[in-house]
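Enquirer: So I've got this file, entry-v3.tsv, and it contains TSV, C-alpha atoms:
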chain	number	residue	atom	x	y	z
Z	111	MET	CA	20.94	3.37	13.04
Z	112	ALA	CA	23.43	4.70	15.57
Z	113	ILE	CA	24.65	2.55	18.46
Z	114	PRO	CA	22.55	4.17	21.25
Z	115	GLU	CA	19.38	3.70	19.18
Z	116	PHE	CA	20.39	0.14	18.43
Z	117	CYS	CA	20.86	-0.52	22.18
Z	118	ALA	CA	17.46	0.97	22.94
Z	119	TRP	CA	15.86	-1.19	20.26
Z	120	LEU	CA	17.78	-4.29	21.39
Z	121	GLU	CA	16.77	-4.12	25.03
Z	122	ASN	CA	13.12	-3.72	24.04
Z	123	THR	CA	13.06	-6.95	22.06
Z	124	ALA	CA	11.05	-9.80	23.56
Z	125	VAL	CA	14.18	-11.86	24.25
Z	126	ALA	CA	15.94	-9.04	26.12
Z	127	SER	CA	12.83	-8.14	28.14
Z	128	ASN	CA	12.37	-11.75	29.16
Z	129	ILE	CA	15.97	-12.06	30.37
Z	130	ARG	CA	15.67	-8.77	32.27
Z	131	GLN	CA	12.40	-9.65	33.99
Z	132	SER	CA	13.10	-13.28	34.79
Z	133	THR	CA	14.63	-14.22	38.12
Z	134	TRP	CA	16.59	-17.20	36.78
Z	135	LEU	CA	17.36	-16.48	33.11
Z	136	PHE	CA	20.16	-13.99	33.69
Z	137	PRO	CA	22.12	-16.14	36.20
Z	138	THR	CA	21.60	-19.21	34.01
Z	139	ILE	CA	22.88	-17.54	30.83
Z	140	GLU	CA	25.66	-15.98	32.88
Z	141	THR	CA	26.68	-19.44	34.11
Z	142	ILE	CA	26.84	-20.68	30.50
Z	143	HIS	CA	28.87	-17.58	29.62
Z	144	VAL	CA	31.34	-18.31	32.45
Z	145	LEU	CA	31.59	-22.02	31.57
Z	146	PHE	CA	32.55	-21.33	27.96
Z	147	THR	CA	34.75	-18.36	28.86
Z	148	VAL	CA	36.90	-20.53	31.15
Z	149	LEU	CA	37.24	-23.05	28.31
Z	150	VAL	CA	38.32	-20.31	25.89
Z	151	VAL	CA	40.90	-18.91	28.30
Z	152	GLY	CA	42.14	-22.27	29.56
Z	153	SER	CA	42.62	-23.77	26.10
Z	154	ILE	CA	44.33	-20.79	24.49
Z	155	THR	CA	46.57	-20.46	27.56
Z	156	MET	CA	47.99	-23.91	26.77
Z	157	LEU	CA	49.23	-22.56	23.42
Z	158	ASP	CA	50.35	-19.21	24.85
Z	159	LEU	CA	52.46	-21.00	27.49
Z	160	ARG	CA	54.04	-23.14	24.76
Z	161	LEU	CA	54.93	-20.01	22.78
Z	162	LEU	CA	56.46	-18.55	25.95
Z	163	ASN	CA	58.46	-21.75	26.56
Z	164	ILE	CA	56.81	-22.22	29.95
Z	165	ALA	CA	54.83	-25.43	29.36
Z	166	ASN	CA	54.27	-28.24	26.83
Z	167	ARG	CA	57.85	-27.89	25.58
Z	168	ASP	CA	57.90	-31.55	24.60
Z	169	ARG	CA	55.19	-31.01	22.00
Z	170	SER	CA	55.42	-29.36	18.60
Z	171	VAL	CA	53.80	-25.95	18.31
Z	172	SER	CA	51.73	-26.86	15.24
Z	173	GLU	CA	50.39	-30.03	16.85
Z	174	LEU	CA	49.32	-28.14	19.97
Z	175	HIS	CA	47.94	-25.31	17.83
Z	176	ASP	CA	45.75	-27.70	15.84
Z	177	GLU	CA	44.56	-29.56	18.92
Z	178	VAL	CA	43.77	-26.54	21.05
Z	179	LEU	CA	42.21	-24.05	18.63
Z	180	PRO	CA	39.02	-26.02	17.86
Z	181	TRP	CA	38.33	-25.94	21.62
Z	182	THR	CA	39.01	-22.23	21.77
Z	183	TRP	CA	36.86	-21.33	18.76
Z	184	THR	CA	33.89	-23.55	19.64
Z	185	SER	CA	33.87	-22.24	23.20
Z	186	PHE	CA	34.30	-18.66	22.01
Z	187	VAL	CA	31.23	-18.85	19.76
Z	188	CYS	CA	29.15	-20.24	22.66
Z	189	ALA	CA	30.51	-17.65	25.12
Z	190	ALA	CA	29.83	-14.85	22.62
Z	191	ILE	CA	26.22	-15.94	22.03
Z	192	ALA	CA	25.56	-16.15	25.79
Z	193	GLY	CA	27.37	-12.84	26.30
Z	194	SER	CA	25.30	-11.12	23.61
Z	195	LEU	CA	22.12	-12.27	25.34
Z	196	LEU	CA	23.38	-10.87	28.66
Z	197	PHE	CA	24.28	-7.61	26.90
Z	198	SER	CA	20.85	-7.36	25.28
Z	199	SER	CA	19.08	-7.46	28.65
Z	200	ASN	CA	20.56	-4.08	29.60
Z	201	ALA	CA	22.19	-2.92	26.38
Z	202	THR	CA	22.14	0.84	27.04
Z	203	LYS	CA	23.66	0.47	30.52
Z	204	TYR	CA	26.42	-1.81	29.31
Z	205	TYR	CA	27.13	0.43	26.34
Z	206	HIS	CA	27.75	3.37	28.66
Z	207	ASN	CA	29.68	1.28	31.20
Z	208	LEU	CA	33.41	2.07	31.11
Z	209	THR	CA	34.47	-1.33	32.47
Z	210	PHE	CA	32.39	-3.11	29.85
Z	211	ARG	CA	33.95	-0.93	27.13
Z	212	MET	CA	37.41	-1.84	28.40
Z	213	LYS	CA	36.46	-5.50	28.16
Z	214	MET	CA	35.36	-5.05	24.55
Z	215	LEU	CA	38.55	-3.12	23.76
Z	216	SER	CA	40.65	-5.92	25.27
Z	217	LEU	CA	38.70	-8.43	23.23
Z	218	LEU	CA	39.37	-6.42	20.06
Z	219	LEU	CA	43.09	-6.39	20.86
Z	220	VAL	CA	42.96	-10.16	21.46
Z	221	GLY	CA	41.52	-10.49	17.95
Z	222	ILE	CA	44.16	-8.27	16.35
Z	223	ASN	CA	46.95	-10.13	18.17
Z	224	ALA	CA	45.56	-13.51	17.10
Z	225	ALA	CA	45.01	-12.42	13.49
Z	226	PHE	CA	48.54	-11.04	13.21
Z	227	PHE	CA	49.94	-14.25	14.67
Z	228	GLU	CA	47.93	-16.51	12.35
Z	229	LEU	CA	48.48	-14.50	9.16
Z	230	ARG	CA	52.12	-13.56	9.66
Z	231	THR	CA	54.10	-15.19	12.46
Z	232	TYR	CA	52.58	-18.67	12.30
Z	233	ARG	CA	53.25	-18.95	8.55
Z	234	GLY	CA	56.89	-19.75	9.32
Z	235	VAL	CA	56.14	-22.26	12.10
Z	236	THR	CA	58.05	-25.11	10.43
Z	237	LYS	CA	61.30	-23.34	11.29
Z	238	TRP	CA	60.55	-23.30	15.04
Z	239	ASP	CA	57.94	-26.05	15.41
Z	240	GLN	CA	60.07	-28.25	17.68
Z	241	GLY	CA	62.06	-27.36	20.77
Z	242	SER	CA	62.40	-24.02	22.49
Z	243	ARG	CA	63.83	-21.72	19.79
Z	244	ILE	CA	60.68	-19.61	19.53
Z	245	PRO	CA	61.09	-16.33	17.57
Z	246	LEU	CA	60.44	-13.07	19.39
Z	247	ALA	CA	57.27	-12.34	17.38
Z	248	ALA	CA	55.72	-15.63	18.50
Z	249	LYS	CA	56.78	-15.13	22.12
Z	250	LEU	CA	55.25	-11.66	21.99
Z	251	ALA	CA	52.00	-13.08	20.59
Z	252	GLY	CA	51.86	-15.61	23.44
Z	253	GLY	CA	52.62	-13.02	26.12
Z	254	LEU	CA	50.16	-10.48	24.75
Z	255	GLY	CA	47.49	-13.12	24.38
Z	256	LEU	CA	47.94	-14.18	27.99
Z	257	VAL	CA	47.82	-10.62	29.35
Z	258	LEU	CA	44.89	-9.57	27.17
Z	259	TRP	CA	42.78	-12.59	28.13
Z	260	ILE	CA	43.45	-11.88	31.80
Z	261	ALA	CA	42.27	-8.32	31.13
Z	262	VAL	CA	39.10	-9.60	29.43
Z	263	VAL	CA	38.26	-11.79	32.45
Z	264	ALA	CA	39.12	-9.06	34.96
Z	265	PHE	CA	37.05	-6.37	33.20
Z	266	GLY	CA	34.25	-8.88	32.78
Z	267	ARG	CA	34.18	-9.66	36.48
Z	268	TRP	CA	34.46	-5.98	37.33
Z	269	THR	CA	31.45	-5.19	35.16
Z	270	GLY	CA	29.34	-7.21	37.62
Z	271	PHE	CA	30.27	-4.79	40.39
Z	272	THR	CA	29.50	-1.57	38.52
Z	273	LYS	CA	26.27	0.19	37.70
C	206	MET	CA	23.00	-1.74	43.06
C	207	PRO	CA	24.99	-3.92	40.70
C	208	LEU	CA	23.69	-4.40	37.23
C	209	TYR	CA	24.10	-8.15	37.16
C	210	GLU	CA	21.83	-8.86	40.07
C	211	ARG	CA	19.25	-6.24	39.22
C	212	SER	CA	16.47	-8.55	38.10
C	213	LEU	CA	16.88	-10.64	41.21
C	214	LEU	CA	16.85	-7.65	43.54
C	215	THR	CA	13.51	-6.46	42.20
C	216	SER	CA	12.03	-9.88	42.85
C	217	THR	CA	12.90	-10.02	46.52
C	218	SER	CA	11.37	-7.84	49.17
C	219	SER	CA	13.45	-8.97	52.12
C	220	TYR	CA	16.38	-6.73	52.93
C	221	PHE	CA	18.33	-9.71	54.18
C	222	GLN	CA	17.97	-11.54	50.90
C	223	ALA	CA	18.61	-8.38	48.94
C	224	ILE	CA	21.96	-7.67	50.54
C	225	HIS	CA	23.00	-11.25	50.10
C	226	SER	CA	22.05	-11.39	46.45
C	227	THR	CA	24.44	-8.65	45.42
C	228	ASP	CA	27.94	-9.04	44.13
C	229	ALA	CA	29.03	-5.79	45.70
C	230	PRO	CA	31.63	-5.94	48.48
C	231	ALA	CA	29.91	-6.05	51.80
C	232	THR	CA	31.32	-2.91	53.37
C	233	TYR	CA	28.32	-1.68	55.29
C	234	TYR	CA	26.40	-4.72	56.34
C	235	TYR	CA	28.82	-7.38	57.45
C	236	SER	CA	30.21	-5.61	60.44
C	237	GLY	CA	27.71	-6.73	63.03
C	238	LEU	CA	24.73	-7.31	60.76
C	239	CYS	CA	25.66	-10.85	59.85
C	240	CYS	CA	22.60	-12.41	61.39
C	241	VAL	CA	19.97	-9.83	60.45
C	242	GLY	CA	16.56	-11.47	60.20
C	243	ARG	CA	17.68	-14.64	61.88
C	244	GLY	CA	17.04	-13.78	65.50
C	245	GLU	CA	19.48	-13.14	68.30
C	246	HIS	CA	20.54	-16.72	68.75
C	247	GLY	CA	22.09	-17.84	65.50
C	248	THR	CA	23.50	-21.27	64.72
C	249	MET	CA	27.15	-22.05	65.36
C	250	THR	CA	27.97	-21.27	61.74
C	251	GLU	CA	26.25	-17.89	62.05
C	252	THR	CA	28.15	-17.11	65.22
C	253	PHE	CA	31.37	-18.11	63.48
C	254	CYS	CA	30.52	-15.89	60.48
C	255	ASP	CA	29.81	-13.01	62.80
C	256	TRP	CA	33.12	-13.49	64.60
C	257	LEU	CA	35.05	-13.92	61.34
C	258	SER	CA	33.53	-10.82	59.79
C	259	ARG	CA	34.82	-8.74	62.74
C	260	THR	CA	38.44	-9.89	62.43
C	261	PRO	CA	40.90	-7.27	61.12
C	262	PHE	CA	41.68	-9.34	57.99
C	263	SER	CA	38.00	-9.59	57.10
C	264	MET	CA	37.42	-5.90	57.82
C	265	THR	CA	40.27	-5.00	55.47
C	266	ILE	CA	38.76	-7.07	52.67
C	267	GLN	CA	35.38	-5.45	53.34
C	268	THR	CA	36.68	-1.89	53.22
C	269	VAL	CA	39.20	-2.11	50.37
C	270	LEU	CA	36.70	-2.37	47.56
C	271	TRP	CA	38.96	-3.76	44.82
C	272	ILE	CA	40.10	-6.83	46.77
C	273	ILE	CA	37.02	-8.99	46.17
C	274	PRO	CA	36.75	-8.41	42.38
C	275	ALA	CA	40.54	-8.88	42.06
C	276	VAL	CA	40.53	-12.14	44.03
C	277	GLN	CA	37.47	-13.33	42.11
C	278	THR	CA	39.38	-12.69	38.88
C	279	VAL	CA	42.28	-14.84	40.10
C	280	HIS	CA	39.73	-17.46	41.15
C	281	ILE	CA	38.06	-17.52	37.71
C	282	LEU	CA	41.39	-17.63	35.85
C	283	SER	CA	42.35	-20.64	37.98
C	284	VAL	CA	38.98	-22.23	37.24
C	285	ALA	CA	39.86	-21.75	33.55
C	286	VAL	CA	43.02	-23.83	33.98
C	287	VAL	CA	41.32	-26.62	35.94
C	288	MET	CA	38.13	-26.70	33.88
C	289	SER	CA	39.93	-26.83	30.52
C	290	SER	CA	42.34	-29.53	31.68
C	291	MET	CA	39.57	-31.63	33.18
C	292	ALA	CA	37.17	-31.13	30.26
C	293	MET	CA	39.82	-32.39	27.82
C	294	LEU	CA	40.70	-35.35	30.04
C	295	ASP	CA	37.07	-36.21	30.83
C	296	LEU	CA	35.99	-36.08	27.18
C	297	ARG	CA	38.95	-38.34	26.38
C	298	LEU	CA	37.86	-40.77	29.12
C	299	ILE	CA	34.32	-40.72	27.72
C	300	GLY	CA	35.84	-41.37	24.29
C	301	LEU	CA	34.47	-38.31	22.52
C	302	VAL	CA	37.70	-36.53	21.59
C	303	GLY	CA	41.44	-36.95	21.16
C	304	ARG	CA	41.48	-40.71	20.74
C	305	ARG	CA	44.86	-40.48	19.01
C	306	ARG	CA	46.34	-39.66	22.40
C	307	ALA	CA	46.86	-42.20	25.19
C	308	ILE	CA	44.82	-41.63	28.33
C	309	SER	CA	47.89	-42.17	30.52
C	310	GLU	CA	49.71	-39.38	28.65
C	311	MET	CA	46.79	-37.00	29.22
C	312	VAL	CA	46.51	-37.90	32.91
C	313	GLY	CA	50.23	-37.21	33.31
C	314	ARG	CA	49.95	-33.94	31.43
C	315	PHE	CA	46.82	-32.46	33.01
C	316	VAL	CA	46.30	-33.80	36.53
C	317	PRO	CA	49.45	-32.25	38.09
C	318	TRP	CA	48.27	-28.85	36.80
C	319	VAL	CA	44.90	-29.47	38.42
C	320	TRP	CA	46.44	-30.12	41.86
C	321	ARG	CA	48.71	-27.07	41.67
C	322	THR	CA	45.90	-24.83	40.54
C	323	LEU	CA	43.57	-26.18	43.24
C	324	VAL	CA	45.97	-24.67	45.78
C	325	VAL	CA	45.47	-21.25	44.16
C	326	LEU	CA	41.71	-21.85	44.07
C	327	ALA	CA	41.59	-22.81	47.75
C	328	THR	CA	43.67	-19.77	48.73
C	329	SER	CA	41.64	-17.26	46.69
C	330	GLY	CA	38.43	-18.98	47.82
C	331	ALA	CA	39.50	-18.70	51.45
C	332	ILE	CA	40.11	-14.96	51.04
C	333	LEU	CA	36.61	-14.57	49.58
C	334	ILE	CA	35.13	-16.51	52.52
C	335	ILE	CA	37.01	-14.43	55.08
C	336	GLY	CA	35.86	-11.24	53.35
C	337	GLU	CA	32.20	-12.24	53.18
C	338	PRO	CA	31.72	-15.19	55.56
C	339	SER	CA	27.93	-15.35	55.67
C	340	ARG	CA	27.61	-14.85	51.91
C	341	GLU	CA	29.48	-18.14	51.47
C	342	LEU	CA	29.16	-20.32	54.57
C	343	LEU	CA	25.39	-19.84	55.01
C	344	ASN	CA	24.77	-20.28	51.29
C	345	PRO	CA	23.28	-23.59	50.02
C	346	TYR	CA	25.01	-23.16	46.63
C	347	PHE	CA	28.35	-22.83	48.38
C	348	ARG	CA	27.69	-25.98	50.40
C	349	ALA	CA	26.66	-27.91	47.29
C	350	LYS	CA	29.80	-26.66	45.56
C	351	MET	CA	32.03	-27.95	48.38
C	352	VAL	CA	30.35	-31.38	48.40
C	353	MET	CA	30.77	-31.70	44.61
C	354	LEU	CA	34.39	-30.55	44.92
C	355	ALA	CA	35.15	-33.22	47.54
C	356	VAL	CA	33.64	-35.94	45.34
C	357	VAL	CA	35.46	-34.81	42.19
C	358	ILE	CA	38.79	-34.64	44.04
C	359	LEU	CA	38.29	-38.27	45.11
C	360	ILE	CA	37.41	-39.30	41.54
C	361	THR	CA	40.48	-37.52	40.15
C	362	LEU	CA	42.70	-39.19	42.76
C	363	VAL	CA	41.33	-42.60	41.74
C	364	VAL	CA	41.94	-41.82	38.05
C	365	GLN	CA	45.51	-40.76	38.79
C	366	LEU	CA	46.34	-43.65	41.15
C	367	GLN	CA	44.94	-46.38	38.88
C	368	ASN	CA	46.82	-44.82	35.98
C	369	LYS	CA	50.02	-44.83	38.00
C	370	ARG	CA	49.62	-48.52	38.84
C	371	ASN	CA	48.76	-49.56	35.33
C	372	ALA	CA	49.20	-47.23	32.34
C	373	THR	CA	46.56	-49.05	30.28
C	374	TYR	CA	44.06	-49.29	33.15
C	375	TRP	CA	41.55	-46.80	31.70
C	376	GLU	CA	42.16	-47.84	28.07
C	377	THR	CA	41.14	-51.42	28.83
C	378	ARG	CA	38.15	-50.57	31.02
C	379	ARG	CA	36.02	-48.58	28.59
C	380	ALA	CA	32.77	-48.64	30.56
C	381	ALA	CA	34.45	-47.59	33.81
C	382	ALA	CA	36.38	-44.85	31.99
C	383	ARG	CA	33.18	-43.55	30.42
C	384	VAL	CA	31.24	-43.39	33.68
C	385	THR	CA	34.20	-41.83	35.51
C	386	GLY	CA	34.76	-39.19	32.82
C	387	LEU	CA	31.09	-38.31	32.63
C	388	ALA	CA	30.74	-38.05	36.42
C	389	SER	CA	33.82	-35.85	36.65
C	390	LEU	CA	32.70	-33.56	33.82
C	391	LEU	CA	29.19	-33.15	35.25
C	392	LEU	CA	30.63	-32.42	38.70
C	393	TRP	CA	32.95	-29.71	37.34
C	394	VAL	CA	30.08	-28.11	35.42
C	395	GLY	CA	28.06	-28.31	38.64
C	396	ILE	CA	30.88	-26.71	40.63
C	397	VAL	CA	31.14	-23.74	38.23
C	398	THR	CA	27.35	-23.40	38.15
C	399	ALA	CA	26.97	-23.47	41.93
C	400	GLY	CA	29.90	-21.05	42.21
C	401	ARG	CA	28.19	-18.47	40.04
C	402	TRP	CA	24.82	-18.96	41.74
C	403	ILE	CA	26.31	-18.14	45.16
C	404	ALA	CA	25.93	-14.51	44.08
C	405	TYR	CA	22.19	-14.94	43.58
C	406	PHE	CA	21.10	-16.47	46.88
What do you get writing this file as structure tokens?

Expert:
Amino acid sequence: MAIPEFCAWLENTAVASNIRQSTWLFPTIETIHVLFTVLVVGSITMLDLRLLNIANRDRSVSELHDEVLPWTWTSFVCAAIAGSLLFSSNATKYYHNLTFRMKMLSLLLVGINAAFFELRTYRGVTKWDQGSRIPLAAKLAGGLGLVLWIAVVAFGRWTGFTK
Amino acid sequence: MPLYERSLLTSTSSYFQAIHSTDAPATYYYSGLCCVGRGEHGTMTETFCDWLSRTPFSMTIQTVLWIIPAVQTVHILSVAVVMSSMAMLDLRLIGLVGRRRAISEMVGRFVPWVWRTLVVLATSGAILIIGEPSRELLNPYFRAKMVMLAVVILITLVVQLQNKRNATYWETRRAAARVTGLASLLLWVGIVTAGRWIAYF
């Protein structure tokens, strides 16, 4: 099944129709989506700022990493579930919406950046765990993460203003 | 009409409610139409909204269509900083997470960020109010949000001041810490919720 057909099927499911027709379901799910999104962005920003040597310099990178990521991942799963429900209510429209596509692209890049950091850069963390001698690759991961998450939020907010 | 508010728009017949339930910048209807449907003699707040919406600054925000989404993005990013900091601190006060870390350390780490970021939130919020005065000032969700904000600021000040006086204050008063953390967390969730619902009134 191609994506347009999938979208058409998705928005005709009972769940999607209910969200679309209800006066309060969409804003309520949207509120949940916003609540968990701010937790995702806020928590991962703490680590990104450490990698950029801007904040939390008195704490080791690995300690902050281990403390912050459970927050980020738990919130991300919740935000993604709420977001999928919002998407389902008007799947075809969102699929054709350029701003929404940009948001998804930014999210994909966030994932690639995070995966590269976890699988490559972070492997050598013991060498730069303490203090401010962060290698360029890790600084880059922090900077990219920060910029890409800002893009995700901006495109997300913009989607609300577009048809 | 914006996608997000579509379901709500179809459920309201009143033009006044319809224009106020959209997220779209208010280009066409705020200049002079602030009090549509509310009679010639509005309340003082309505008169103020009407005046504010005719000021050059407000008109600029109304006509330059990217300003409101851009400022809202800054606003949400700042909410991310405050909400994450406060959620971590509040859950620690409640005793649910991070018990390896001292409360006083977390207060010292997070609360200064909250105050700094609140300045950004107040500034971006003020721009949004100036751009769409009646959307905010006449909105019950906005008013509820401001009341909750005032209360949570007071609570946070108390947490910070008691912690400054006595670093083990909150560690040794478990019940008080729990109630305070829970109240603060619920208020912040309420603030974000009311904030999002402003768009749907």

Enquirer: Taking into account only C-alpha atoms, which residue in the set Z:Ala165, Z:Leu246, Z:Leu218, Z:Leu229 is nearest to chain C?

Expert: Z:Ala165

Enquirer: Could you please determine the separation between CA of Pro274 in chain C and CA of Ala190 in chain Z in Å, to one decimal place?

Expert: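 Going from CA of Pro274 in chain C over to CA of Ala190 in chain Z covers 21.9 Å.
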
Enquirer: Using only C-alpha atoms, which residues sit within 9 Å of Val319 in chain C once same-chain residues fewer than 3 positions away are excluded, as a list in words?

Expert: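 Close residues of Val319 in chain C: Val286, Val287, Met288, Ser290, Met291, Phe315, Val316, Thr322, Leu323 and Val324 of chain C.
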
Enquirer: Quote the spacing between CA of Ile191 in chain Z and CA of Glu140 in chain Z in Å to one decimal place.

Expert: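 Distance reported for this atom pair: 10.9 Å.
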
Enquirer: May I have the residues within 6 Å of range 330-339 of chain C as a PyMOL selection string, using all atoms listed in the file and disregarding those fewer than 3 positions away in the same chain?

Expert: chain C and resi 254+263+266-267+326-327+342-343

Enquirer: So which residues touch Asp295 in chain C within 6 Å, counting only C-alpha atoms, skipping near sequence neighbours fewer than 3 positions away, as a list in words?

Expert: Met291, Ala292, Leu298, Gly386 and Leu390 of chain C

Enquirer: Rank C:Leu301, C:Ala372, C:Ile358, C:Val276 by their smallest atom-to-atom distance to Thr328 in chain C, using only C-alpha atoms, and report the top residue only.

Expert: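 Result for the nearest residue to Thr328 in chain C: C:Val276.
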
Enquirer: Counting only C-alpha atoms, figure out which residue out of Z:Ala126, Z:Cys117, Z:Val262, Z:Ile244 gets nearest to Arg167 in chain Z.

Expert: Z:Ile244

Enquirer: Leaving out Ser289 in chain C and any residue of its chain fewer than 2 positions from it, which residues lie within 9 Å of it when counting all atoms listed in the file, given as a count of residues only?

Expert: 14

Enquirer: Let me make sure I understand: among C:Val325, C:Leu296, C:Val357, C:Val397, which one has the smallest atom-to-atom distance to chain Z if we use all atoms listed in the file?

Expert: C:Val397

Enquirer: Give me, as a ChimeraX atom specification, the residues of chain Z touching chain C, with the criterion being at most 9 Å (counting all atoms listed in the file).

Expert: /Z:129-134,136-138,140-142,144-145,147-153,155-156,166,177,196,200,203-204,260,263-273

Enquirer: Store the residues picked out above in a file with C-alpha atoms, as a PDB file, in the coordinates of the input.

Expert:
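Okay, result38.pdb is ready:
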ATOM      1  CA  ILE Z 129      15.970 -12.060  30.370  1.00  0.00           C
ATOM      2  CA  ARG Z 130      15.670  -8.770  32.270  1.00  0.00           C
ATOM      3  CA  GLN Z 131      12.400  -9.650  33.990  1.00  0.00           C
ATOM      4  CA  SER Z 132      13.100 -13.280  34.790  1.00  0.00           C
ATOM      5  CA  THR Z 133      14.630 -14.220  38.120  1.00  0.00           C
ATOM      6  CA  TRP Z 134      16.590 -17.200  36.780  1.00  0.00           C
ATOM      7  CA  PHE Z 136      20.160 -13.990  33.690  1.00  0.00           C
ATOM      8  CA  PRO Z 137      22.120 -16.140  36.200  1.00  0.00           C
ATOM      9  CA  THR Z 138      21.600 -19.210  34.010  1.00  0.00           C
ATOM     10  CA  GLU Z 140      25.660 -15.980  32.880  1.00  0.00           C
ATOM     11  CA  THR Z 141      26.680 -19.440  34.110  1.00  0.00           C
ATOM     12  CA  ILE Z 142      26.840 -20.680  30.500  1.00  0.00           C
ATOM     13  CA  VAL Z 144      31.340 -18.310  32.450  1.00  0.00           C
ATOM     14  CA  LEU Z 145      31.590 -22.020  31.570  1.00  0.00           C
ATOM     15  CA  THR Z 147      34.750 -18.360  28.860  1.00  0.00           C
ATOM     16  CA  VAL Z 148      36.900 -20.530  31.150  1.00  0.00           C
ATOM     17  CA  LEU Z 149      37.240 -23.050  28.310  1.00  0.00           C
ATOM     18  CA  VAL Z 150      38.320 -20.310  25.890  1.00  0.00           C
ATOM     19  CA  VAL Z 151      40.900 -18.910  28.300  1.00  0.00           C
ATOM     20  CA  GLY Z 152      42.140 -22.270  29.560  1.00  0.00           C
ATOM     21  CA  SER Z 153      42.620 -23.770  26.100  1.00  0.00           C
ATOM     22  CA  THR Z 155      46.570 -20.460  27.560  1.00  0.00           C
ATOM     23  CA  MET Z 156      47.990 -23.910  26.770  1.00  0.00           C
ATOM     24  CA  ASN Z 166      54.270 -28.240  26.830  1.00  0.00           C
ATOM     25  CA  GLU Z 177      44.560 -29.560  18.920  1.00  0.00           C
ATOM     26  CA  LEU Z 196      23.380 -10.870  28.660  1.00  0.00           C
ATOM     27  CA  ASN Z 200      20.560  -4.080  29.600  1.00  0.00           C
ATOM     28  CA  LYS Z 203      23.660   0.470  30.520  1.00  0.00           C
ATOM     29  CA  TYR Z 204      26.420  -1.810  29.310  1.00  0.00           C
ATOM     30  CA  ILE Z 260      43.450 -11.880  31.800  1.00  0.00           C
ATOM     31  CA  VAL Z 263      38.260 -11.790  32.450  1.00  0.00           C
ATOM     32  CA  ALA Z 264      39.120  -9.060  34.960  1.00  0.00           C
ATOM     33  CA  PHE Z 265      37.050  -6.370  33.200  1.00  0.00           C
ATOM     34  CA  GLY Z 266      34.250  -8.880  32.780  1.00  0.00           C
ATOM     35  CA  ARG Z 267      34.180  -9.660  36.480  1.00  0.00           C
ATOM     36  CA  TRP Z 268      34.460  -5.980  37.330  1.00  0.00           C
ATOM     37  CA  THR Z 269      31.450  -5.190  35.160  1.00  0.00           C
ATOM     38  CA  GLY Z 270      29.340  -7.210  37.620  1.00  0.00           C
ATOM     39  CA  PHE Z 271      30.270  -4.790  40.390  1.00  0.00           C
ATOM     40  CA  THR Z 272      29.500  -1.570  38.520  1.00  0.00           C
ATOM     41  CA  LYS Z 273      26.270   0.190  37.700  1.00  0.00           C
TER      42      LYS Z 273
END

Enquirer: Mind pulling up the distance from CA of Ser216 in chain Z to CA of Pro245 in chain Z?

Expert: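 That distance, rounded to one decimal, is 24.2 Å.
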
Enquirer: Kindly list the centre and edge lengths in Å, rounded to one decimal, for the axis-aligned box that covers all listed atoms of range 204-213 of chain Z plus 6 Å on each of its six sides, as lines of an AutoDock Vina configuration file.

Expert:
center_x = 31.9
center_y = -1.1
center_z = 29.4
size_x = 23.0
size_y = 20.9
size_z = 18.1

Enquirer: Nearest to Gly241 in chain Z: which of Z:Ile154, Z:Ala112, Z:Leu135, Z:Leu161 is it, counting all atoms listed in the file?

Expert: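 Closest to Gly241 in chain Z, using all atoms listed in the file: Z:Leu161.
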
Enquirer: For range 182-190 of chain Z, where the input has fewer atoms than it should, I would like N, CA and C atoms rebuilt and written as a PDB file, in the coordinates of the input.

Expert:
ATOM      1  N   THR Z 182      39.106 -23.663  21.534  1.00  0.00           N
ATOM      2  CA  THR Z 182      39.010 -22.230  21.770  1.00  0.00           C
ATOM      3  C   THR Z 182      37.880 -21.616  20.944  1.00  0.00           C
ATOM      4  N   TRP Z 183      37.852 -21.955  19.643  1.00  0.00           N
ATOM      5  CA  TRP Z 183      36.860 -21.330  18.760  1.00  0.00           C
ATOM      6  C   TRP Z 183      35.440 -21.763  19.084  1.00  0.00           C
ATOM      7  N   THR Z 184      35.244 -23.069  19.311  1.00  0.00           N
ATOM      8  CA  THR Z 184      33.890 -23.550  19.640  1.00  0.00           C
ATOM      9  C   THR Z 184      33.394 -22.872  20.915  1.00  0.00           C
ATOM     10  N   SER Z 185      34.268 -22.853  21.926  1.00  0.00           N
ATOM     11  CA  SER Z 185      33.870 -22.240  23.200  1.00  0.00           C
ATOM     12  C   SER Z 185      33.630 -20.751  23.036  1.00  0.00           C
ATOM     13  N   PHE Z 186      34.457 -20.109  22.194  1.00  0.00           N
ATOM     14  CA  PHE Z 186      34.300 -18.660  22.010  1.00  0.00           C
ATOM     15  C   PHE Z 186      32.944 -18.331  21.408  1.00  0.00           C
ATOM     16  N   VAL Z 187      32.539 -19.103  20.398  1.00  0.00           N
ATOM     17  CA  VAL Z 187      31.230 -18.850  19.760  1.00  0.00           C
ATOM     18  C   VAL Z 187      30.119 -18.973  20.808  1.00  0.00           C
ATOM     19  N   CYS Z 188      30.177 -20.039  21.627  1.00  0.00           N
ATOM     20  CA  CYS Z 188      29.150 -20.240  22.660  1.00  0.00           C
ATOM     21  C   CYS Z 188      29.173 -19.112  23.687  1.00  0.00           C
ATOM     22  N   ALA Z 189      30.381 -18.728  24.127  1.00  0.00           N
ATOM     23  CA  ALA Z 189      30.510 -17.650  25.120  1.00  0.00           C
ATOM     24  C   ALA Z 189      29.983 -16.340  24.548  1.00  0.00           C
ATOM     25  N   ALA Z 190      30.253 -16.101  23.247  1.00  0.00           N
ATOM     26  CA  ALA Z 190      29.830 -14.850  22.620  1.00  0.00           C
ATOM     27  C   ALA Z 190      28.305 -14.790  22.493  1.00  0.00           C
TER      28      ALA Z 190
END
